[in-house]
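Undergrad: Structure: start22.txt, compact mmCIF, C-alpha atoms.
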```txt
# COMPACT_ATOMS: atom_id res chain seq x y z
CA MET A 660 36.72 63.49 -38.14
CA LYS A 661 34.06 62.86 -40.81
CA GLU A 662 33.99 59.58 -42.69
CA THR A 663 35.02 61.18 -45.98
CA GLU A 664 37.99 62.84 -44.30
CA LEU A 665 38.89 59.58 -42.70
CA THR A 666 38.74 57.59 -45.97
CA ASN A 667 40.81 60.28 -47.68
CA ALA A 668 43.37 60.12 -44.89
CA ILE A 669 43.48 56.32 -45.03
CA GLY A 670 43.67 56.39 -48.82
CA SER A 671 46.63 58.76 -48.70
CA LEU A 672 48.71 56.43 -46.54
CA PRO A 673 51.80 55.28 -48.44
CA ARG A 674 51.33 51.85 -49.99
CA SER A 675 55.02 51.08 -50.06
CA MET A 676 57.14 50.58 -46.96
CA LYS A 677 60.77 49.66 -46.74
CA PRO A 678 61.53 46.52 -44.72
CA GLN A 679 64.15 47.08 -42.03
CA ARG A 680 66.38 44.37 -43.46
CA ASP A 681 67.12 42.89 -46.85
CA LEU A 682 64.81 39.91 -47.29
CA TRP A 683 66.39 38.72 -50.53
CA PRO A 684 69.09 36.45 -49.01
CA GLY A 685 66.39 34.39 -47.27
CA ILE A 686 64.34 34.18 -50.46
CA SER A 687 67.38 33.35 -52.58
CA GLN A 688 68.35 30.53 -50.23
CA ARG A 689 64.93 28.97 -50.62
CA LEU A 690 65.00 29.39 -54.40
CA GLU A 691 68.35 27.65 -54.55
CA THR A 692 66.87 24.72 -52.67
CA VAL A 693 64.13 24.45 -55.27
CA GLU A 694 66.68 24.68 -58.09
CA ARG A 695 68.90 22.00 -56.56
CA GLU A 696 65.94 19.63 -56.33
CA ASN A 697 65.31 20.10 -60.04
CA ILE A 698 68.98 19.58 -60.90
CA VAL A 699 69.08 16.34 -58.92
CA GLN A 700 66.03 15.14 -60.80
CA PHE A 701 67.71 15.73 -64.17
CA LYS A 702 71.30 14.89 -63.47
CA VAL A 703 71.23 11.94 -65.92
CA PRO A 704 71.94 13.40 -69.37
CA PHE A 705 69.38 12.59 -72.02
CA TRP A 706 71.91 11.42 -74.59
CA ARG A 707 72.29 8.31 -72.45
CA THR A 708 68.75 7.16 -73.21
CA PRO A 709 69.37 6.24 -76.87
CA ALA A 710 72.55 4.44 -75.82
CA MET A 711 70.64 2.52 -73.16
CA ALA A 712 67.91 1.62 -75.63
CA ALA A 713 70.49 0.34 -78.08
CA ALA A 714 72.03 -1.77 -75.32
CA VAL A 715 68.60 -3.21 -74.50
CA LEU A 716 68.06 -4.12 -78.16
CA LEU A 717 71.39 -5.87 -78.30
CA ALA A 718 70.75 -7.71 -75.08
CA LEU A 719 67.32 -8.65 -76.32
CA ALA A 720 68.66 -10.14 -79.51
CA THR A 721 71.18 -12.17 -77.52
CA GLY A 722 68.51 -13.18 -75.02
CA ILE A 723 66.14 -14.44 -77.67
CA PHE A 724 68.93 -16.41 -79.27
CA ILE A 725 70.10 -18.02 -76.01
CA GLY A 726 66.56 -18.44 -74.71
CA ARG A 727 65.50 -20.40 -77.75
CA GLY A 728 68.57 -22.58 -77.42
CA LEU A 729 67.86 -23.30 -73.77
CA ASP A 730 64.20 -23.92 -74.35
CA SER A 731 64.96 -26.71 -76.80
CA GLY A 732 67.71 -28.15 -74.60
CA SER A 733 67.35 -27.80 -70.85
CA ALA A 734 64.10 -25.90 -70.39
CA GLY A 735 62.35 -28.94 -69.01
CA GLN A 736 64.83 -29.22 -66.13
CA MET A 737 64.57 -25.54 -65.16
CA SER A 738 60.83 -24.94 -65.55
CA GLU A 739 59.93 -25.92 -61.99
CA THR A 740 62.73 -24.11 -60.16
CA VAL A 741 62.10 -21.54 -57.44
CA GLU A 742 64.24 -19.06 -59.37
CA GLU A 743 61.90 -19.18 -62.30
CA TYR A 744 58.83 -18.62 -60.15
CA ALA A 745 60.50 -15.67 -58.46
CA LEU A 746 61.47 -14.18 -61.79
CA ILE A 747 58.02 -14.56 -63.31
CA GLY A 748 56.52 -13.00 -60.15
CA ALA A 749 58.89 -10.07 -60.52
CA VAL A 750 57.95 -9.72 -64.19
CA LYS A 751 54.26 -9.62 -63.29
CA ALA A 752 54.85 -6.97 -60.61
CA THR A 753 56.91 -4.86 -62.99
CA GLU A 754 54.24 -5.24 -65.66
CA LEU A 755 51.64 -3.83 -63.29
CA GLU A 756 53.91 -0.93 -62.36
CA TYR A 757 54.63 -0.26 -66.01
CA GLN A 758 50.95 -0.33 -66.94
CA ALA A 759 50.16 2.13 -64.15
CA ALA A 760 52.96 4.51 -65.17
CA PHE A 761 52.10 4.22 -68.85
CA SER A 762 48.39 4.85 -68.26
CA GLU A 763 49.41 8.14 -66.59
CA LEU A 764 51.52 9.06 -69.59
CA VAL A 765 48.85 8.42 -72.23
CA PRO A 766 46.46 11.20 -71.08
CA LEU A 767 49.36 13.64 -71.41
CA ASP A 768 49.33 12.89 -75.15
CA TYR A 769 52.91 11.92 -75.78
CA SER A 770 52.98 13.47 -79.26
CA GLY A 771 51.80 16.80 -77.89
CA ILE A 772 54.28 17.10 -75.05
CA ARG A 773 56.44 20.22 -75.27
CA LEU A 774 60.07 19.17 -75.37
CA GLU A 775 61.83 22.35 -76.46
CA GLY A 776 65.57 22.29 -76.04
CA GLU A 777 65.72 18.68 -74.89
CA GLU A 778 66.21 16.89 -78.22
CA PRO A 779 62.66 15.65 -78.76
CA ASP A 780 63.67 13.66 -81.85
CA ALA A 781 66.27 11.74 -79.87
CA LEU A 782 63.71 11.02 -77.15
CA ARG A 783 61.14 9.80 -79.66
CA ALA A 784 63.75 7.60 -81.34
CA SER A 785 64.64 6.09 -77.96
CA TRP A 786 61.04 5.43 -77.11
CA ASP A 787 60.45 3.86 -80.55
CA ALA A 788 63.47 1.62 -80.01
CA LEU A 789 62.08 0.53 -76.65
CA LEU A 790 58.68 -0.19 -78.21
CA GLN A 791 60.33 -2.16 -81.00
CA ALA A 792 62.20 -4.23 -78.44
CA GLU A 793 58.96 -4.76 -76.54
CA THR A 794 57.14 -6.02 -79.65
CA SER A 795 59.87 -8.51 -80.48
CA LEU A 796 60.18 -9.69 -76.90
CA LEU A 797 56.44 -10.18 -76.38
CA ALA A 798 56.23 -12.12 -79.66
CA ALA A 799 59.06 -14.38 -78.49
CA LEU A 800 57.40 -14.84 -75.07
CA GLN A 801 54.16 -15.90 -76.73
CA GLN A 802 56.06 -18.85 -78.19
CA TYR A 803 58.13 -19.56 -75.05
CA PRO A 804 56.11 -18.13 -72.12
CA SER A 805 58.13 -19.79 -69.34
CA ASP A 806 61.53 -19.07 -70.79
CA ILE A 807 63.67 -17.69 -67.95
CA TYR A 808 65.92 -15.63 -70.22
CA LEU A 809 63.07 -14.02 -72.10
CA ASN A 810 61.31 -13.16 -68.84
CA GLY A 811 64.54 -11.70 -67.51
CA LYS A 812 64.87 -9.57 -70.61
CA LEU A 813 61.28 -8.38 -70.28
CA LEU A 814 62.06 -7.40 -66.71
CA ASP A 815 65.03 -5.34 -67.90
CA LEU A 816 63.03 -3.77 -70.69
CA ARG A 817 60.14 -2.78 -68.44
CA SER A 818 62.62 -1.27 -66.03
CA GLN A 819 64.07 0.82 -68.87
CA GLN A 820 60.61 1.87 -70.02
CA LEU A 821 59.58 2.83 -66.51
CA GLN A 822 62.65 4.99 -66.12
CA PHE A 823 61.92 6.59 -69.48
CA VAL A 824 58.28 7.33 -68.63
CA LYS A 825 59.19 8.78 -65.25
CA ARG A 826 61.93 10.95 -66.73
CA LEU A 827 59.60 12.15 -69.44
CA ALA A 828 56.99 13.14 -66.85
CA LEU A 829 59.63 15.08 -64.89
CA LEU A 830 60.85 16.76 -68.05
CA GLU A 831 57.33 17.80 -68.95
CA GLN A 832 56.79 19.20 -65.46
CA ASN A 833 60.06 21.13 -65.65
CA ASN A 834 59.28 22.50 -69.11
CA TRP A 835 55.94 23.83 -67.94
CA ARG A 836 57.62 25.48 -64.96
CA ARG A 837 60.23 27.09 -67.18
CA THR A 838 57.87 28.29 -69.89
CA MET B 7 53.57 59.97 -76.68
CA THR B 8 54.94 61.93 -73.70
CA SER B 9 58.28 61.14 -72.09
CA TRP B 10 56.41 59.90 -69.04
CA GLN B 11 54.48 57.43 -71.19
CA HIS B 12 57.74 56.38 -72.85
CA ASP B 13 59.26 55.72 -69.43
CA LYS B 14 56.23 53.72 -68.39
CA THR B 15 56.33 51.62 -71.57
CA ASP B 16 60.07 51.01 -71.14
CA LEU B 17 59.57 49.99 -67.54
CA SER B 18 56.80 47.60 -68.49
CA ALA B 19 58.88 46.09 -71.31
CA THR B 20 61.85 45.70 -68.99
CA GLU B 21 59.71 44.00 -66.40
CA THR B 22 58.29 41.65 -69.02
CA ARG B 23 61.86 40.68 -69.94
CA TRP B 24 62.69 40.04 -66.28
CA VAL B 25 59.59 37.90 -65.92
CA ASP B 26 60.49 35.89 -69.02
CA LYS B 27 64.03 35.36 -67.78
CA ALA B 28 62.87 34.44 -64.29
CA ARG B 29 60.43 31.93 -65.76
CA ALA B 30 63.38 30.36 -67.55
CA GLY B 31 65.10 29.94 -64.17
CA ASP B 32 67.15 33.16 -64.03
CA GLN B 33 67.39 34.08 -60.35
CA PHE B 34 69.17 37.33 -61.11
CA ALA B 35 66.14 38.50 -63.10
CA PHE B 36 63.87 37.38 -60.28
CA GLU B 37 65.93 39.41 -57.82
CA LYS B 38 65.29 42.47 -59.99
CA LEU B 39 61.57 41.75 -59.78
CA TYR B 40 61.93 41.40 -56.02
CA ARG B 41 63.78 44.73 -55.71
CA SER B 42 61.16 46.39 -57.86
CA HIS B 43 58.14 45.14 -55.87
CA CYS B 44 59.48 44.43 -52.41
CA ASP B 45 58.44 47.68 -50.74
CA ARG B 46 54.93 47.49 -52.13
CA ILE B 47 54.45 43.91 -51.00
CA TYR B 48 56.03 44.60 -47.60
CA GLY B 49 53.66 47.54 -47.04
CA LEU B 50 50.71 45.31 -47.82
CA CYS B 51 51.92 42.48 -45.58
CA TRP B 52 52.88 44.80 -42.73
CA ARG B 53 49.39 46.28 -42.59
CA MET B 54 47.61 42.99 -43.06
CA CYS B 55 49.72 41.50 -40.26
CA GLY B 56 48.66 44.29 -37.92
CA GLY B 57 52.08 45.91 -37.89
CA ASP B 58 53.91 42.73 -36.85
CA ARG B 59 57.26 43.32 -38.54
CA ALA B 60 58.70 39.80 -38.19
CA LEU B 61 55.51 38.19 -39.43
CA ALA B 62 55.31 40.64 -42.34
CA GLU B 63 58.88 39.79 -43.33
CA ASP B 64 58.03 36.09 -43.28
CA MET B 65 54.99 36.74 -45.44
CA VAL B 66 57.01 38.73 -47.98
CA GLN B 67 59.56 35.95 -48.27
CA GLU B 68 56.84 33.33 -48.56
CA ALA B 69 55.04 35.37 -51.22
CA PHE B 70 58.17 35.71 -53.37
CA VAL B 71 59.11 32.04 -53.02
CA ARG B 72 55.58 31.10 -53.99
CA ALA B 73 55.70 33.53 -56.91
CA TRP B 74 58.91 31.87 -58.13
CA ASN B 75 57.30 28.44 -57.95
CA LYS B 76 54.13 29.62 -59.68
CA LEU B 77 55.70 31.83 -62.32
CA HIS B 78 54.71 29.35 -65.02
CA LEU B 79 51.08 30.12 -64.16
CA PHE B 80 51.53 33.85 -64.84
CA ARG B 81 50.28 34.29 -68.39
CA GLY B 82 50.82 38.03 -68.64
CA GLU B 83 47.12 38.81 -68.83
CA SER B 84 47.57 41.31 -66.00
CA LYS B 85 50.65 43.21 -64.86
CA PHE B 86 53.16 41.18 -62.92
CA GLY B 87 52.78 43.54 -59.95
CA THR B 88 49.03 42.97 -59.86
CA TRP B 89 49.48 39.21 -60.01
CA LEU B 90 52.15 39.29 -57.30
CA HIS B 91 50.06 41.58 -55.10
CA ARG B 92 47.12 39.23 -55.21
CA LEU B 93 49.34 36.26 -54.54
CA ALA B 94 50.75 38.04 -51.48
CA VAL B 95 47.23 38.76 -50.20
CA ASN B 96 46.43 35.05 -50.51
CA VAL B 97 49.65 34.11 -48.72
CA VAL B 98 48.78 36.33 -45.77
CA LEU B 99 45.16 35.22 -45.67
CA SER B 100 46.08 31.56 -45.73
CA ASP B 101 48.76 31.78 -43.07
CA ARG B 102 47.82 29.84 -39.99
CA ARG B 103 49.49 32.22 -37.58
CA ILE B 104 47.33 35.02 -38.85
CA ARG B 105 44.21 32.95 -38.36
CA VAL B 106 45.19 32.13 -34.80
CA LYS B 107 45.88 35.79 -34.06
CA ARG B 108 42.61 36.70 -35.69
CA LEU B 109 40.70 34.50 -33.27
CA GLN B 110 42.54 36.00 -30.30
CA ARG B 111 41.96 39.55 -31.51
CA GLU B 112 38.26 39.01 -32.25
CA GLN B 113 37.88 37.66 -28.75
CA GLU B 114 39.59 40.71 -27.24
CA PHE B 115 37.42 43.10 -29.18
CA SER B 116 34.12 41.35 -28.71
CA ASP B 117 34.69 41.26 -24.97
CA ASP B 118 35.78 44.88 -25.14
CA ILE B 119 38.40 44.18 -22.50
CA GLU B 120 41.46 45.76 -23.98
CA ARG B 121 42.32 47.38 -27.27
CA VAL B 122 45.97 46.79 -27.76
CA GLN B 123 47.69 48.69 -30.50
CA VAL B 124 50.54 46.83 -32.09
CA GLY B 125 53.08 47.66 -34.75
CA ASP B 126 56.04 49.84 -35.41
CA ARG B 127 54.73 53.05 -33.95
CA ASP B 128 57.82 55.02 -34.78
CA VAL B 129 57.42 54.70 -38.52
CA PHE B 130 55.13 57.66 -39.18
CA ALA B 131 54.45 60.93 -37.47
CA GLY B 132 51.23 62.71 -36.50
CA LEU B 133 47.96 61.59 -37.99
CA ARG B 134 49.58 59.01 -40.17
CA LYS B 135 51.12 57.36 -37.13
CA ASP B 136 47.81 57.37 -35.27
CA LEU B 137 46.03 56.03 -38.31
CA GLU B 138 48.50 53.19 -38.76
CA ALA B 139 48.22 52.31 -35.10
CA ALA B 140 44.43 52.42 -35.27
CA ILE B 141 44.37 50.17 -38.34
CA ALA B 142 46.83 47.77 -36.72
CA GLY B 143 44.56 47.57 -33.69
CA LEU B 144 41.49 46.57 -35.68
CA PRO B 145 40.08 43.05 -35.53
CA GLU B 146 41.57 40.89 -38.27
CA ARG B 147 38.63 40.69 -40.65
CA ALA B 148 37.79 44.38 -40.37
CA ARG B 149 41.44 45.33 -40.90
CA THR B 150 41.79 43.03 -43.91
CA VAL B 151 38.79 44.60 -45.63
CA LEU B 152 39.84 48.16 -44.76
CA VAL B 153 43.40 47.63 -45.97
CA LEU B 154 42.34 45.91 -49.18
CA TYR B 155 39.51 48.35 -49.98
CA ASP B 156 40.62 51.75 -48.71
CA ILE B 157 44.38 51.45 -49.18
CA GLU B 158 44.96 48.84 -51.85
CA GLY B 159 41.96 49.68 -54.01
CA TYR B 160 40.31 46.28 -54.32
CA GLN B 161 36.56 46.08 -54.90
CA HIS B 162 34.18 44.31 -52.53
CA ASN B 163 33.57 41.44 -54.93
CA GLU B 164 37.34 40.85 -55.21
CA ILE B 165 37.76 41.00 -51.44
CA ALA B 166 34.86 38.60 -51.02
CA GLU B 167 36.48 36.19 -53.46
CA MET B 168 39.87 36.35 -51.75
CA THR B 169 38.66 36.15 -48.17
CA GLY B 170 35.77 33.75 -48.69
CA MET B 171 33.24 36.12 -47.12
CA ALA B 172 30.05 37.42 -48.74
CA VAL B 173 30.08 40.77 -50.54
CA GLY B 174 27.62 42.09 -47.96
CA SER B 175 29.92 40.99 -45.14
CA SER B 176 32.82 42.78 -46.78
CA LYS B 177 30.79 46.01 -46.90
CA ALA B 178 29.68 45.56 -43.30
CA GLN B 179 33.26 44.91 -42.15
CA LEU B 180 34.45 48.03 -43.94
CA HIS B 181 31.77 50.13 -42.27
CA ARG B 182 32.67 48.60 -38.92
CA ALA B 183 36.37 49.15 -39.49
CA ARG B 184 35.94 52.83 -40.37
CA LYS B 185 33.76 53.41 -37.32
CA MET B 186 36.31 51.74 -35.08
CA VAL B 187 39.18 53.75 -36.53
CA GLN B 188 37.18 56.92 -35.93
CA GLU B 189 36.56 55.88 -32.33
CA ILE B 190 40.19 55.01 -31.74
CA LEU B 191 41.33 58.35 -33.18
CA LYS B 192 38.73 60.19 -31.10
CA ASP B 193 39.94 58.42 -27.96
CA SER B 194 43.56 59.26 -28.71
CA GLU B 195 42.61 62.94 -29.23
CA ASN B 196 40.91 62.99 -25.84
CA ILE B 197 43.92 61.55 -24.06
```
What is this structure when it is put down as structure tokens?

TA:
Amino acid sequence: MKETELTNAIGSLPRSMKPQRDLWPGISQRLETVERENIVQFKVPFWRTPAMAAAVLLALATGIFIGRGLDSGSAGQMSETVEEYALIGAVKATELEYQAAFSELVPLDYSGIRLEGEEPDALRASWDALLQAETSLLAALQQYPSDIYLNGKLLDLRSQQLQFVKRLALLEQNNWRRT
Amino acid sequence: MTSWQHDKTDLSATETRWVDKARAGDQFAFEKLYRSHCDRIYGLCWRMCGGDRALAEDMVQEAFVRAWNKLHLFRGESKFGTWLHRLAVNVVLSDRRIRVKRLQREQEFSDDIERVQVGDRDVFAGLRKDLEAAIAGLPERARTVLVLYDIEGYQHNEIAEMTGMAVGSSKAQLHRARKMVQEILKDSENI
């Protein structure tokens, strides 16, 4: 057989072939696994974020009020306790974690993130509320840096912000996958 | 516009809708894409796997799962089928089992000890059957180039890019593959 005949013969081989069994069930099973993972990641509804932020604001206001009261009254007795050192250590650790997570968020350009269908205005309002709480709390901590209540509130706030940043990153990832 | 062109346009538009829906997470739409392209992808995988049916089935499943996960990267610049086809080629090329088999096969052929023909030999009759068997019996690299160039219509520069070999190597492998197929067919005629 000449080479041209051979290439013609090879070229005329059918490109499509039917598999002997239906491969879809196996594929579908694996797709469902992927889907489930995504559902687990987003099982917390987003309407809860504004509510949580509002709760943080309320707690913050209470914390500042009580913290100031304690600082003028019994702060001297508590300042050297092990509990306080542990709390301030936890605050520092959370701060580092928050800074790391936030530094990852900034290059994404928060304002440019695509948030179709996930109430972007509500998310922005929640984040603004968290930032407002942060500003007030940091200002209060500048005046009373060793206040145990204020540090506790900062710990709570950072925890909320971390959750928010992580959820936002997951949402962004999911939106890209979907679109 | 002829009715054939109308049909083609409709088919393309329908497929675009399925792709859009699948990208939005619609598995039913993705199943339609699977049904539409399965045979084509299976044919490719079957040949690239040297006629190993079980391995080809694994590769098809892997290719479609990977397509589902990477659908957001498909921008519609090419046809979905073209994108999927290329993805399937990459899946097969990157599979470890294939690489291991490739080493074993190359060894067998370089030593010229035994030329084992593998694959589903009952699929085609006559010349087609002999051809398929001959292609399946080729060393891995030669078979990959022959399948991609002569059957699937890729160019040497595309094959070089996908396989990581030089364009010259791709041409040399194709020449080698054709010669070997000729020899195998000649031998089978003499038997």

Undergrad: Using only C-alpha atoms for the distances, tell me which of A:Arg817, A:Arg826, A:Lys661, A:Lys677 is nearest to chain B.

TA: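 Of A:Arg817, A:Arg826, A:Lys661, A:Lys677, the one nearest chain B, counting only C-alpha atoms, is A:Lys677.
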
Undergrad: Using all atoms listed in the file, which residue out of B:Arg46, B:His162, B:Lys27, B:Arg59 lies closest to chain A?

TA: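 Of the candidates, the smallest distance to chain A is held by B:Arg46.
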
Undergrad: Each residue of chain B lying at most 6 Å from chain A should get a row with its shortest atom-to-atom pair and the distance in Å to one decimal, counting all atoms listed in the file; could you produce that, ordered by chain and increasing number, as a Markdown table?

TA:
```
| residue | atom | partner | partner_atom | distance |
| --- | --- | --- | --- | --- |
| B:Arg29 | CA | A:Arg837 | CA | 5.0 |
| B:Ala30 | CA | A:Arg837 | CA | 4.6 |
| B:Asp45 | CA | A:Ser675 | CA | 4.9 |
| B:Arg46 | CA | A:Ser675 | CA | 4.1 |
| B:Gly49 | CA | A:Met676 | CA | 4.6 |
| B:Gln67 | CA | A:Ile686 | CA | 5.5 |
| B:His78 | CA | A:Arg836 | CA | 4.8 |
| B:Asp156 | CA | A:Gly670 | CA | 5.6 |
| B:Ile157 | CA | A:Gly670 | CA | 5.0 |
```

Undergrad: Just how far from atom CA of Cys44 of chain B is atom CA of Thr20 of chain B, in Å to one decimal?

TA: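 Separation between atom CA of Thr20 of chain B and atom CA of Cys44 of chain B: 16.8 Å.
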
Undergrad: Just checking: using all atoms listed in the file, which residue out of B:Glu189, B:Glu138, B:Val95, B:Glu21 ends up closest to Asp58 of chain B?

TA: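 The closest residue to Asp58 of chain B is B:Glu138.
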
Undergrad: What does the distance from atom CA of Gln802 of chain A to atom CA of Gln819 of chain A come to in Å, to one decimal?

TA: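 A separation of 23.2 Å between them.
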
Undergrad: With only C-alpha atoms as the counted atoms, please give the residues lying no more than 10 Å from segment 80-88 of chain B, apart from itself and same-chain residues fewer than 3 positions off, as an NGL selection string.

TA: (:A and (838)) or (:B and (18 or 21-22 or 25-26 or 29 or 39 or 42-43 or 46-47 or 73 or 76-77 or 91-94))

Undergrad: What is the atom CA of Leu61 of chain B to atom CA of Gly31 of chain B distance in Å?

TA: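 Computing the Euclidean distance for atom CA of Leu61 of chain B and atom CA of Gly31 of chain B yields 27.8 Å.
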
Undergrad: Kindly list the centre and edge lengths in Å, rounded to one decimal, for the axis-aligned box that covers all listed atoms of segment 792-804 of chain A plus 6 Å on each of its six sides, as AutoDock Vina command-line options.

TA:
```
--center_x 58.2 --center_y -11.9 --center_z -76.3 --size_x 20.0 --size_y 27.3 --size_z 20.4
```
